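Here's structure01.csv, which has CSV, C-alpha atoms and all ligand atoms:
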```csv
chain,number,residue,atom,x,y,z
A,1,MET,CA,-37.3,-33.0,-14.9
A,2,SER,CA,-35.5,-30.2,-16.7
A,3,ALA,CA,-37.3,-26.9,-17.2
A,4,THR,CA,-37.4,-27.3,-21.0
A,5,THR,CA,-38.6,-30.8,-21.6
A,6,GLN,CA,-42.1,-31.6,-22.7
A,7,LEU,CA,-43.4,-28.1,-22.9
A,8,PRO,CA,-46.4,-27.1,-25.0
A,9,ASN,CA,-45.0,-25.6,-28.2
A,10,ASP,CA,-46.3,-22.2,-27.6
A,11,LEU,CA,-44.7,-22.0,-24.1
A,12,LYS,CA,-41.4,-23.2,-25.5
A,13,ALA,CA,-41.5,-20.6,-28.2
A,14,GLN,CA,-42.4,-17.9,-25.7
A,15,ARG,CA,-39.5,-18.9,-23.5
A,16,ASP,CA,-37.0,-19.0,-26.3
A,17,ALA,CA,-38.1,-15.5,-27.4
A,18,PHE,CA,-37.9,-14.3,-23.8
A,19,HIS,CA,-34.3,-15.7,-23.5
A,20,GLU,CA,-33.3,-14.0,-26.8
A,21,GLU,CA,-34.6,-10.6,-25.7
A,22,LEU,CA,-32.8,-11.0,-22.3
A,23,LYS,CA,-29.6,-11.9,-24.2
A,24,ALA,CA,-29.8,-8.6,-26.1
A,25,MET,CA,-29.9,-6.8,-22.8
A,26,SER,CA,-26.8,-8.6,-21.5
A,27,ILE,CA,-28.9,-10.6,-19.1
A,28,THR,CA,-28.9,-14.4,-18.7
A,29,PRO,CA,-31.5,-16.4,-16.7
A,30,LEU,CA,-29.8,-18.3,-13.9
A,31,TRP,CA,-31.8,-21.4,-14.7
A,32,LEU,CA,-29.9,-21.8,-18.0
A,33,ASN,CA,-26.6,-21.5,-16.2
A,34,LEU,CA,-27.1,-23.2,-12.9
A,35,ALA,CA,-23.8,-25.1,-13.1
A,36,THR,CA,-21.8,-21.9,-12.7
A,37,ALA,CA,-23.6,-20.9,-9.5
A,38,ALA,CA,-24.5,-24.2,-8.0
A,39,GLN,CA,-22.2,-27.2,-8.2
A,40,ASN,CA,-21.5,-30.0,-5.8
A,41,GLU,CA,-17.7,-29.6,-6.1
A,42,PRO,CA,-15.3,-27.4,-8.0
A,43,LYS,CA,-15.0,-28.1,-11.7
A,44,VAL,CA,-11.4,-27.4,-12.1
A,45,ASP,CA,-10.1,-26.5,-15.6
A,46,ALA,CA,-6.4,-26.6,-14.7
A,47,VAL,CA,-4.8,-30.0,-15.3
A,48,PRO,CA,-1.8,-31.6,-13.6
A,49,HIS,CA,1.4,-31.1,-15.5
A,50,ILE,CA,5.1,-31.6,-15.2
A,51,TRP,CA,7.9,-29.5,-16.8
A,52,ARG,CA,11.2,-31.4,-16.7
A,53,TRP,CA,14.5,-29.6,-16.1
A,54,ARG,CA,16.2,-31.7,-18.7
A,55,ASP,CA,13.7,-30.3,-21.3
A,56,ILE,CA,13.8,-26.7,-19.9
A,57,LYS,CA,17.5,-26.3,-19.6
A,58,PRO,CA,18.5,-26.5,-23.3
A,59,MET,CA,15.7,-24.1,-24.1
A,60,MET,CA,17.0,-21.8,-21.5
A,61,LEU,CA,20.5,-21.8,-23.0
A,62,ARG,CA,19.0,-21.2,-26.5
A,63,GLY,CA,17.0,-18.3,-25.1
A,64,GLY,CA,20.2,-16.9,-23.7
A,65,ASP,CA,21.6,-16.7,-27.2
A,66,LEU,CA,18.5,-15.3,-28.8
A,67,ILE,CA,17.3,-12.5,-26.6
A,68,SER,CA,18.8,-10.2,-23.9
A,69,PRO,CA,17.1,-9.5,-20.6
A,70,GLN,CA,16.8,-5.8,-21.7
A,71,GLU,CA,14.8,-6.7,-24.8
A,72,ALA,CA,12.7,-9.2,-22.8
A,73,GLU,CA,12.2,-7.0,-19.7
A,74,ARG,CA,12.6,-10.3,-17.9
A,75,ARG,CA,13.9,-13.3,-19.7
A,76,VAL,CA,11.4,-15.8,-18.3
A,77,LEU,CA,10.0,-19.0,-19.7
A,78,MET,CA,6.4,-19.0,-18.5
A,79,LEU,CA,5.0,-22.3,-17.3
A,80,ILE,CA,1.5,-22.1,-18.6
A,81,ASN,CA,-1.1,-24.7,-17.7
A,82,PRO,CA,-2.1,-26.6,-20.8
A,83,SER,CA,-5.7,-25.6,-20.1
A,84,PHE,CA,-5.0,-21.9,-20.3
A,85,GLU,CA,-3.8,-19.1,-22.6
A,86,ALA,CA,-0.5,-17.4,-21.8
A,87,LYS,CA,-2.3,-14.1,-21.2
A,88,SER,CA,-3.9,-15.6,-18.1
A,89,ALA,CA,-0.4,-16.2,-16.6
A,90,ARG,CA,-2.0,-19.2,-14.9
A,91,THR,CA,0.3,-22.0,-14.1
A,92,VAL,CA,-2.3,-23.4,-11.7
A,93,GLY,CA,-4.9,-21.8,-9.4
A,94,MET,CA,-4.1,-18.1,-8.7
A,95,ILE,CA,-0.3,-18.6,-9.0
A,96,PHE,CA,2.2,-18.2,-11.8
A,97,GLY,CA,5.6,-20.0,-12.1
A,98,GLY,CA,8.3,-19.2,-14.6
A,99,ILE,CA,11.9,-20.0,-15.2
A,100,GLN,CA,14.1,-16.9,-15.3
A,101,PHE,CA,17.8,-17.0,-16.3
A,102,LEU,CA,20.7,-14.7,-16.5
A,103,MET,CA,23.9,-15.4,-18.3
A,104,PRO,CA,27.2,-14.2,-16.8
A,105,GLY,CA,27.4,-10.4,-16.7
A,106,GLU,CA,23.8,-9.9,-17.5
A,107,ILE,CA,21.4,-7.7,-15.6
A,108,ALA,CA,17.6,-7.3,-15.5
A,109,ASP,CA,16.7,-3.6,-14.9
A,110,SER,CA,14.8,-2.3,-12.0
A,111,HIS,CA,11.0,-2.1,-12.1
A,112,ARG,CA,8.1,-2.6,-9.7
A,113,HIS,CA,4.6,-4.0,-9.9
A,114,SER,CA,1.5,-4.6,-7.8
A,115,PRO,CA,1.8,-8.4,-8.0
A,116,ASN,CA,3.9,-10.1,-5.3
A,117,ALA,CA,6.9,-12.2,-6.3
A,118,GLN,CA,9.3,-14.7,-5.0
A,119,ARG,CA,12.3,-16.6,-6.3
A,120,PHE,CA,13.6,-20.1,-5.6
A,121,ILE,CA,17.1,-20.7,-7.0
A,122,ILE,CA,17.4,-23.7,-9.3
A,123,GLU,CA,21.0,-23.5,-10.5
A,124,GLY,CA,24.1,-21.4,-10.1
A,125,GLU,CA,25.4,-19.0,-7.5
A,126,GLY,CA,26.6,-15.4,-7.4
A,127,SER,CA,23.6,-13.6,-8.8
A,128,TYR,CA,21.9,-10.9,-6.8
A,129,THR,CA,18.4,-9.7,-6.4
A,130,ALA,CA,18.1,-6.1,-5.2
A,131,VAL,CA,14.9,-5.1,-3.5
A,132,GLU,CA,14.3,-1.5,-2.3
A,133,GLY,CA,18.0,-0.6,-2.1
A,134,GLU,CA,19.2,-3.9,-0.6
A,135,ARG,CA,21.0,-6.7,-2.4
A,136,THR,CA,21.1,-10.3,-1.6
A,137,ILE,CA,23.5,-12.8,-3.3
A,138,MET,CA,21.6,-15.9,-4.2
A,139,LYS,CA,22.7,-19.6,-4.3
A,140,LYS,CA,21.0,-22.8,-5.3
A,141,GLY,CA,18.1,-23.6,-3.0
A,142,ASP,CA,17.8,-20.0,-1.5
A,143,PHE,CA,14.3,-18.5,-1.3
A,144,VAL,CA,13.8,-14.7,-1.7
A,145,THR,CA,10.7,-12.6,-1.6
A,146,THR,CA,9.9,-9.4,-3.6
A,147,PRO,CA,6.7,-8.1,-2.1
A,148,ALA,CA,4.3,-5.9,-4.1
A,149,TRP,CA,5.4,-2.5,-5.4
A,150,ARG,CA,9.0,-2.9,-4.3
A,151,TRP,CA,11.7,-1.7,-6.8
A,152,HIS,CA,13.7,-4.8,-7.8
A,153,ASP,CA,16.4,-5.8,-10.3
A,154,HIS,CA,18.6,-8.8,-10.8
A,155,GLY,CA,22.2,-9.3,-11.9
A,156,ASN,CA,24.6,-12.1,-12.6
A,157,GLU,CA,28.1,-11.3,-11.4
A,158,SER,CA,29.2,-14.9,-11.6
A,159,ASP,CA,30.8,-16.8,-14.5
A,160,GLN,CA,28.0,-19.3,-14.8
A,161,PRO,CA,24.4,-19.1,-16.0
A,162,MET,CA,21.9,-18.7,-13.2
A,163,ALA,CA,18.3,-19.9,-13.2
A,164,TRP,CA,15.5,-19.6,-10.7
A,165,LEU,CA,11.8,-20.3,-10.4
A,166,ASP,CA,9.8,-17.1,-10.2
A,167,GLY,CA,6.5,-17.3,-8.3
A,168,LEU,CA,4.0,-14.6,-8.6
A,169,ASP,CA,0.3,-14.0,-7.9
A,170,LEU,CA,-0.2,-12.6,-11.5
A,171,PRO,CA,-3.4,-14.6,-12.2
A,172,PHE,CA,-5.0,-13.1,-9.1
A,173,ALA,CA,-3.8,-9.6,-9.9
A,174,ASN,CA,-5.2,-10.0,-13.4
A,175,LEU,CA,-8.5,-11.5,-12.1
A,176,LEU,CA,-8.9,-8.5,-9.8
A,177,ASP,CA,-8.0,-6.0,-12.7
A,178,ALA,CA,-5.4,-4.6,-10.3
A,179,ASN,CA,-2.1,-5.3,-12.1
A,180,PHE,CA,0.1,-2.2,-12.2
A,181,PHE,CA,3.7,-2.0,-13.5
A,182,GLU,CA,6.3,0.7,-13.6
A,183,ASP,CA,9.8,0.8,-15.1
A,184,TYR,CA,12.6,2.5,-13.0
A,185,VAL,CA,13.8,5.6,-14.8
A,186,GLU,CA,15.8,8.0,-12.8
A,187,GLY,CA,17.9,10.4,-14.9
A,188,ASP,CA,19.5,8.0,-17.4
A,189,GLY,CA,19.6,5.2,-14.9
A,190,GLN,CA,17.8,1.8,-15.2
A,191,MET,CA,19.0,0.6,-11.9
A,192,GLN,CA,17.8,1.7,-8.4
A,193,PRO,CA,20.5,2.9,-6.0
A,194,ILE,CA,21.8,0.5,-3.4
A,195,TYR,CA,21.5,2.3,0.0
A,196,ARG,CA,21.3,-0.6,2.5
A,197,GLN,CA,24.0,-3.0,3.5
A,198,GLU,CA,23.7,-6.6,2.3
A,199,GLY,CA,22.0,-8.6,5.1
A,200,ASP,CA,20.3,-5.5,6.6
A,201,SER,CA,16.8,-7.0,6.5
A,202,ILE,CA,18.0,-10.3,8.0
A,203,HIS,CA,19.7,-8.5,10.9
A,204,ARG,CA,16.7,-6.2,11.5
A,205,TRP,CA,13.8,-8.6,11.2
A,206,GLY,CA,15.0,-12.1,10.4
A,207,ARG,CA,16.7,-13.4,13.5
A,208,GLY,CA,14.1,-13.3,16.2
A,209,MET,CA,14.9,-9.7,17.1
A,210,ARG,CA,13.9,-6.3,15.8
A,211,PRO,CA,15.3,-2.8,16.3
A,212,ALA,CA,13.4,-1.6,19.4
A,213,TRP,CA,13.7,2.1,18.3
A,214,GLN,CA,12.1,1.4,14.9
A,215,GLU,CA,8.4,0.8,14.3
A,216,PRO,CA,7.9,-2.6,12.6
A,217,ILE,CA,7.3,-2.2,8.9
A,218,GLU,CA,3.9,-2.9,7.5
A,219,PRO,CA,3.8,-6.8,7.7
A,220,ARG,CA,2.1,-7.1,4.3
A,221,GLN,CA,5.3,-5.7,2.9
A,222,SER,CA,7.3,-8.5,4.4
A,223,PRO,CA,11.0,-7.7,4.8
A,224,VAL,CA,13.4,-8.6,2.0
A,225,LEU,CA,14.8,-11.8,3.4
A,226,ASN,CA,16.8,-14.5,2.0
A,227,TYR,CA,15.8,-17.9,3.4
A,228,ARG,CA,19.1,-19.7,3.0
A,229,TRP,CA,19.0,-23.3,1.6
A,230,THR,CA,21.5,-24.6,4.1
A,231,ASP,CA,19.5,-23.2,7.1
A,232,CYS,CA,16.1,-24.4,5.8
A,233,ARG,CA,17.3,-27.8,4.8
A,234,ASP,CA,19.0,-28.1,8.2
A,235,ASN,CA,15.7,-27.3,9.9
A,236,LEU,CA,14.0,-30.2,8.1
A,237,HIS,CA,16.7,-32.7,9.1
A,238,ALA,CA,16.6,-31.4,12.7
A,239,LEU,CA,12.9,-32.5,12.8
A,240,ARG,CA,13.3,-35.7,10.8
A,241,GLU,CA,12.5,-38.0,13.8
A,242,GLU,CA,9.0,-36.4,14.1
A,243,GLU,CA,6.0,-38.0,12.4
A,244,GLY,CA,5.4,-34.8,10.5
A,245,SER,CA,2.3,-34.4,8.3
A,246,PRO,CA,0.7,-37.7,7.1
A,247,PHE,CA,0.1,-36.0,3.8
A,248,ASP,CA,3.5,-34.2,3.3
A,249,GLY,CA,6.1,-35.6,5.7
A,250,ILE,CA,8.4,-33.2,7.3
A,251,ILE,CA,7.0,-30.0,5.8
A,252,MET,CA,7.8,-26.5,7.1
A,253,ALA,CA,6.3,-23.2,5.9
A,254,TYR,CA,8.5,-20.2,5.3
A,255,VAL,CA,7.2,-17.4,7.5
A,256,ASN,CA,7.1,-13.6,7.6
A,257,PRO,CA,8.9,-12.8,10.9
A,258,LEU,CA,6.7,-9.7,11.4
A,259,ASN,CA,3.5,-11.7,11.9
A,260,GLY,CA,4.3,-15.4,11.7
A,261,GLY,CA,2.1,-15.6,8.6
A,262,PRO,CA,3.0,-16.6,5.0
A,263,THR,CA,5.9,-14.9,3.3
A,264,LEU,CA,3.6,-13.1,0.8
A,265,PRO,CA,0.0,-12.0,1.5
A,266,THR,CA,-1.2,-14.2,-1.4
A,267,ILE,CA,1.3,-17.0,-1.5
A,268,SER,CA,2.5,-19.5,1.1
A,269,ALA,CA,5.8,-21.3,0.4
A,270,TYR,CA,7.0,-24.6,1.9
A,271,LEU,CA,10.0,-26.9,2.0
A,272,GLN,CA,9.4,-30.6,2.7
A,273,LEU,CA,11.5,-33.6,3.3
A,274,LEU,CA,10.3,-37.0,2.2
A,275,ARG,CA,12.4,-39.5,4.1
A,276,LYS,CA,13.8,-42.7,2.6
A,277,GLY,CA,10.9,-45.1,1.9
A,278,GLU,CA,8.3,-42.5,2.9
A,279,HIS,CA,5.0,-42.6,1.1
A,280,THR,CA,2.4,-40.1,2.2
A,281,ARG,CA,-1.3,-40.5,2.6
A,282,SER,CA,-3.4,-39.0,-0.2
A,283,HIS,CA,-5.5,-35.9,0.3
A,284,ARG,CA,-6.9,-33.0,-1.6
A,285,HIS,CA,-7.6,-29.3,-0.9
A,286,THR,CA,-8.9,-26.2,-2.6
A,287,SER,CA,-5.5,-24.5,-2.7
A,288,SER,CA,-3.4,-25.1,-5.9
A,289,THR,CA,0.3,-26.0,-5.7
A,290,ILE,CA,3.4,-25.5,-7.7
A,291,TYR,CA,6.1,-28.1,-6.7
A,292,HIS,CA,9.8,-27.9,-7.5
A,293,VAL,CA,12.2,-30.7,-6.8
A,294,ALA,CA,15.0,-29.2,-4.8
A,295,GLU,CA,16.9,-32.4,-4.1
A,296,GLY,CA,16.6,-36.1,-4.8
A,297,GLY,CA,14.0,-38.1,-6.7
A,298,GLY,CA,10.6,-39.6,-6.1
A,299,GLY,CA,7.0,-39.6,-7.4
A,300,THR,CA,3.6,-38.1,-7.0
A,301,LEU,CA,0.3,-39.5,-7.9
A,302,VAL,CA,-2.1,-36.7,-8.9
A,303,GLY,CA,-5.5,-37.9,-9.7
A,304,ASP,CA,-4.8,-40.8,-12.0
A,305,THR,CA,-1.5,-39.4,-13.3
A,306,GLU,CA,1.8,-40.6,-11.9
A,307,TYR,CA,4.8,-38.3,-12.2
A,308,LEU,CA,8.2,-39.6,-11.5
A,309,TRP,CA,10.3,-36.6,-10.8
A,310,GLU,CA,14.0,-35.7,-10.3
A,311,GLU,CA,15.9,-32.7,-9.2
A,312,GLY,CA,15.0,-29.5,-11.1
A,313,ASP,CA,11.6,-30.6,-12.3
A,314,THR,CA,8.5,-28.5,-11.7
A,315,PHE,CA,4.9,-29.9,-11.5
A,316,VAL,CA,1.5,-28.6,-10.5
A,317,ILE,CA,-1.4,-30.0,-8.5
A,318,PRO,CA,-4.7,-28.2,-9.2
A,319,SER,CA,-7.4,-27.6,-6.6
A,320,TRP,CA,-9.4,-30.5,-5.3
A,321,VAL,CA,-7.3,-33.2,-7.0
A,322,GLU,CA,-6.2,-36.1,-4.8
A,323,HIS,CA,-2.5,-36.5,-4.5
A,324,GLU,CA,0.2,-38.4,-2.6
A,325,HIS,CA,4.0,-38.3,-2.7
A,326,TRP,CA,6.9,-40.7,-2.2
A,327,SER,CA,10.7,-40.6,-2.2
A,328,ASP,CA,12.6,-43.0,-4.5
A,329,GLY,CA,15.9,-44.6,-3.6
A,330,GLY,CA,17.0,-42.0,-1.1
A,331,GLU,CA,15.4,-38.9,0.3
A,332,ALA,CA,13.9,-36.0,-1.5
A,333,VAL,CA,13.3,-32.3,-0.7
A,334,LEU,CA,10.5,-30.5,-2.4
A,335,PHE,CA,10.0,-26.8,-2.5
A,336,SER,CA,6.3,-25.7,-3.1
A,337,TYR,CA,4.1,-22.7,-3.1
A,338,THR,CA,0.3,-22.3,-3.0
A,339,ASP,CA,-2.5,-19.7,-3.2
A,340,ARG,CA,-3.8,-20.9,0.2
A,341,PRO,CA,-3.6,-17.4,1.8
A,342,ILE,CA,-6.2,-16.2,-0.7
A,343,LEU,CA,-8.5,-19.2,0.1
A,344,ASN,CA,-8.0,-18.9,3.8
A,345,ALA,CA,-8.6,-15.1,3.8
A,346,PHE,CA,-12.1,-15.5,2.4
A,347,GLY,CA,-13.2,-18.9,3.9
A,348,PHE,CA,-12.7,-20.9,0.7
A,349,TYR,CA,-10.1,-23.3,2.0
A,350,ARG,CA,-11.3,-26.9,2.4
A,351,GLU,CA,-9.3,-30.0,2.8
A,352,ALA,CA,-10.2,-33.7,2.9
A,353,ALA,CA,-8.2,-36.9,3.4
A,354,GLY,CA,-8.2,-39.2,0.4
A,355,ASP,CA,-9.7,-42.7,0.1
A,356,ARG,CA,-6.5,-44.3,-1.0
A,357,ARG,CA,-4.3,-45.5,1.8
A,358,ALA,CA,-0.6,-45.6,0.7
B,401,LIG,O1,11.8,-11.0,-12.0
B,401,LIG,O2,10.8,-9.1,-11.8
B,401,LIG,O3,8.7,-14.2,-13.9
B,401,LIG,O4,8.5,-8.9,-12.9
B,401,LIG,C1,7.5,-12.2,-14.1
B,401,LIG,C2,7.5,-10.8,-13.8
B,401,LIG,C3,9.7,-12.2,-13.1
B,401,LIG,C4,10.8,-10.3,-12.1
B,401,LIG,C5,8.6,-12.9,-13.7
B,401,LIG,C6,8.5,-10.2,-13.2
B,401,LIG,C7,9.7,-10.9,-12.8
B,402,FE2,FE,9.3,-8.0,-11.3
```
Starting from the file, lay out its structure as structure tokens.
Ligand code: GTQ
Ligand code: FE2
Amino acid sequence: MSATTQLPNDLKAQRDAFHEELKAMSITPLWLNLATAAQNEPKVDAVPHIWRWRDIKPMMLRGGDLISPQEAERRVLMLINPSFEAKSARTVGMIFGGIQFLMPGEIADSHRHSPNAQRFIIEGEGSYTAVEGERTIMKKGDFVTTPAWRWHDHGNESDQPMAWLDGLDLPFANLLDANFFEDYVEGDGQMQPIYRQEGDSIHRWGRGMRPAWQEPIEPRQSPVLNYRWTDCRDNLHALREEEGSPFDGIIMAYVNPLNGGPTLPTISAYLQLLRKGEHTRSHRHTSSTIYHVAEGGGGTLVGDTEYLWEEGDTFVIPSWVEHEHWSDGGEAVLFSYTDRPILNAFGFYREAAGDRRA
């Protein structure tokens, strides 16, 4: 029986008045809001969604004609979950995804911010990202991190447009009221100086060795590494005879070499191979995922919605929604990133196999 049914009239009136007076004091009785504090399972507002590269690409080219990276700060098309407003920066869960693009010769000036960032290259080659005085030239399929509060800028020194998927923990930073941002202004300069050789971070930290005379850097500020597509893809194929994960096939996490943990404190990133004819078991978990199709085609069932995807598409799986993947025709490689480190850190990560058997 609910607390408000079949009450004597005078008690009902007294309660209503009581609630009204509380409201004026910015107080709400828990018993009128039990659902927010006590629920059997997460009630997830985010919905599954797919953004197709064939739809994004023409908009990207139009955007390239209409606004410069200087005017835009960053020329990014934000992928906002249909359930949320743009100001939340929520693509799904605690993570943001956006498509950033630079036309030949363009640069995006240096800045830094408390949110952590990463890039996965969708198209083109020959653009660089510079982080804390070191550049890395990026190619399709490369994965690069920009940890919190590191100066960074991008430039396209090639003759082709360049596009990548930005991943940031913006929704989390905003939720914590801890989002800081600073433009680089040094004299007249908008660009940070480059004072480290290209590849410096890889040589110092990224090859299973470290300089023994140097203290390891703070692991939370993971080194500026470029996880090369050819190396990472090769790793998946080297392990292709393994069973892999029943839910994800041959899936490997990108790791921070300083501690073996995720590449950013708030975001873990993965690359996975779905072999020819592979169809994974369904499962669900409390981390939310942004998927990007790096190679090939296939499909994903998310709840009741089936997405058939191809190279360049980006789709999201919200928390606690059952999902399974398959390759179609040939093989497929999916890049993905999740807010799992946040859930893990505070004991909120939960996972369950699905009822459906592929
Ligand atoms: O490239 O620095 O998508 O600062 C959002 C915020 C990209 C970036 C985004 C950013 C950047
Ligand atoms: Fe940035």
Who sits within 9 Å of stretch 255-272 of chain A, all atoms listed in the file, same chain under 5 positions skipped, as a PDB file with C-alpha atoms, in the frame of the given file:
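Wrote part.pdb, looks like this:
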```pdb
ATOM      1  CA  MET A  94      -4.100 -18.100  -8.700  1.00  0.00           C
ATOM      2  CA  ILE A  95      -0.300 -18.600  -9.000  1.00  0.00           C
ATOM      3  CA  ASN A 116       3.900 -10.100  -5.300  1.00  0.00           C
ATOM      4  CA  ALA A 117       6.900 -12.200  -6.300  1.00  0.00           C
ATOM      5  CA  GLN A 118       9.300 -14.700  -5.000  1.00  0.00           C
ATOM      6  CA  THR A 145      10.700 -12.600  -1.600  1.00  0.00           C
ATOM      7  CA  THR A 146       9.900  -9.400  -3.600  1.00  0.00           C
ATOM      8  CA  PRO A 147       6.700  -8.100  -2.100  1.00  0.00           C
ATOM      9  CA  ALA A 148       4.300  -5.900  -4.100  1.00  0.00           C
ATOM     10  CA  GLY A 167       6.500 -17.300  -8.300  1.00  0.00           C
ATOM     11  CA  LEU A 168       4.000 -14.600  -8.600  1.00  0.00           C
ATOM     12  CA  ASP A 169       0.300 -14.000  -7.900  1.00  0.00           C
ATOM     13  CA  PHE A 172      -5.000 -13.100  -9.100  1.00  0.00           C
ATOM     14  CA  TRP A 205      13.800  -8.600  11.200  1.00  0.00           C
ATOM     15  CA  GLY A 206      15.000 -12.100  10.400  1.00  0.00           C
ATOM     16  CA  ARG A 207      16.700 -13.400  13.500  1.00  0.00           C
ATOM     17  CA  GLY A 208      14.100 -13.300  16.200  1.00  0.00           C
ATOM     18  CA  PRO A 216       7.900  -2.600  12.600  1.00  0.00           C
ATOM     19  CA  ILE A 217       7.300  -2.200   8.900  1.00  0.00           C
ATOM     20  CA  GLU A 218       3.900  -2.900   7.500  1.00  0.00           C
ATOM     21  CA  PRO A 219       3.800  -6.800   7.700  1.00  0.00           C
ATOM     22  CA  ARG A 220       2.100  -7.100   4.300  1.00  0.00           C
ATOM     23  CA  GLN A 221       5.300  -5.700   2.900  1.00  0.00           C
ATOM     24  CA  SER A 222       7.300  -8.500   4.400  1.00  0.00           C
ATOM     25  CA  PRO A 223      11.000  -7.700   4.800  1.00  0.00           C
ATOM     26  CA  LEU A 225      14.800 -11.800   3.400  1.00  0.00           C
ATOM     27  CA  CYS A 232      16.100 -24.400   5.800  1.00  0.00           C
ATOM     28  CA  ARG A 233      17.300 -27.800   4.800  1.00  0.00           C
ATOM     29  CA  LEU A 236      14.000 -30.200   8.100  1.00  0.00           C
ATOM     30  CA  ASP A 248       3.500 -34.200   3.300  1.00  0.00           C
ATOM     31  CA  GLY A 249       6.100 -35.600   5.700  1.00  0.00           C
ATOM     32  CA  ILE A 250       8.400 -33.200   7.300  1.00  0.00           C
ATOM     33  CA  ALA A 294      15.000 -29.200  -4.800  1.00  0.00           C
ATOM     34  CA  ALA A 332      13.900 -36.000  -1.500  1.00  0.00           C
ATOM     35  CA  VAL A 333      13.300 -32.300  -0.700  1.00  0.00           C
ATOM     36  CA  LEU A 334      10.500 -30.500  -2.400  1.00  0.00           C
ATOM     37  CA  PHE A 335      10.000 -26.800  -2.500  1.00  0.00           C
ATOM     38  CA  SER A 336       6.300 -25.700  -3.100  1.00  0.00           C
ATOM     39  CA  TYR A 337       4.100 -22.700  -3.100  1.00  0.00           C
ATOM     40  CA  THR A 338       0.300 -22.300  -3.000  1.00  0.00           C
ATOM     41  CA  ASP A 339      -2.500 -19.700  -3.200  1.00  0.00           C
ATOM     42  CA  ARG A 340      -3.800 -20.900   0.200  1.00  0.00           C
ATOM     43  CA  PRO A 341      -3.600 -17.400   1.800  1.00  0.00           C
ATOM     44  CA  ILE A 342      -6.200 -16.200  -0.700  1.00  0.00           C
ATOM     45  CA  LEU A 343      -8.500 -19.200   0.100  1.00  0.00           C
TER      46      LEU A 343
END
```
Rank A:Ala238, A:Ala130, A:Leu175, A:Ala345 by their smallest atom-to-atom distance to ligand LIG 401 (chain B), using only C-alpha atoms and all ligand atoms, and report the top residue only. A:Ala130
Radius query 9 Å about (28.3, -9.4, -9.3), atoms used: all atoms listed in the file, as a PyMOL selection string: chain A and resi 104-105+126-128+137+155-158
Place a sphere of radius 10 Å on (14.9, -2.3, -15.6) in the file coordinates and name every protein, DNA or RNA residue with an atom inside or on its surface, counting all atoms listed in the file; give the answer as a tab-separated table (two decimals) with C-alpha atoms, keeping the file's coordinate frame.
```tsv
chain	number	residue	atom	x	y	z
A	69	PRO	CA	17.10	-9.50	-20.60
A	70	GLN	CA	16.80	-5.80	-21.70
A	73	GLU	CA	12.20	-7.00	-19.70
A	74	ARG	CA	12.60	-10.30	-17.90
A	107	ILE	CA	21.40	-7.70	-15.60
A	108	ALA	CA	17.60	-7.30	-15.50
A	109	ASP	CA	16.70	-3.60	-14.90
A	110	SER	CA	14.80	-2.30	-12.00
A	111	HIS	CA	11.00	-2.10	-12.10
A	112	ARG	CA	8.10	-2.60	-9.70
A	151	TRP	CA	11.70	-1.70	-6.80
A	152	HIS	CA	13.70	-4.80	-7.80
A	153	ASP	CA	16.40	-5.80	-10.30
A	154	HIS	CA	18.60	-8.80	-10.80
A	182	GLU	CA	6.30	0.70	-13.60
A	183	ASP	CA	9.80	0.80	-15.10
A	184	TYR	CA	12.60	2.50	-13.00
A	185	VAL	CA	13.80	5.60	-14.80
A	189	GLY	CA	19.60	5.20	-14.90
A	190	GLN	CA	17.80	1.80	-15.20
A	191	MET	CA	19.00	0.60	-11.90
A	192	GLN	CA	17.80	1.70	-8.40
```
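Candidate residues A:Ala17, A:Ala35, A:Leu102, A:Leu30 were compared for distance to ligand LIG 401 (chain B), and the nearest is A:Leu102, using only C-alpha atoms and all ligand atoms.
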Could you list, with a cut-off of 6 Å and counting all atoms listed in the file, the residues of chain A near ligand LIG 401 (chain B), each shown with its nearest atom pair and the distance in Å rounded to one decimal, rows sorted by chain and ascending number, as CSV?
```
residue,atom,partner,partner_atom,distance
A:Arg74,CA,B:LIG401,C7,5.9
A:Val76,CA,B:LIG401,O3,5.4
A:Gly98,CA,B:LIG401,O3,5.1
A:Asp166,CA,B:LIG401,O3,4.8
```
Can you pull out every residue within 10 Å of A:Arg228, counting only C-alpha atoms, but drop anything in the same chain fewer than 3 positions away, and send it as a PyMOL selection string? chain A and resi 138-144+225+231-234
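By chain and then residue number, the residues within 9 Å of A:Ser88 are Ile80, Leu170, Pro171, Asn174 and Leu175 of chain A, counting only C-alpha atoms and disregarding those fewer than 5 positions away in sequence.
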Point out the residue among A:Gly298, A:Pro115, A:Pro211, A:Gly93 with the least atom-to-atom distance to ligand FE2 402 (chain B), counting all atoms listed in the file. A:Pro115
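Between ligand FE2 402 (chain B) and the candidates A:Phe101, A:Glu41, A:Arg150, A:Arg52, the tightest atom-to-atom separation, counting all atoms listed in the file, involves A:Arg150.
Taking all atoms listed in the file into account, A:Phe120 lies nearest to A:Trp229 out of the set A:Trp326, A:Phe180, A:Phe84, A:Trp229.
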What's the separation between atom CA of A:Thr286 and atom CA of A:Phe348, in Å to one decimal place? 7.3 Å
Applying 6 Å and all atoms listed in the file, which residues near A:Thr314 remain after dropping the ones on its own chain fewer than 6 positions away? List them as number ranges by chain. A: 50-51, 291-292
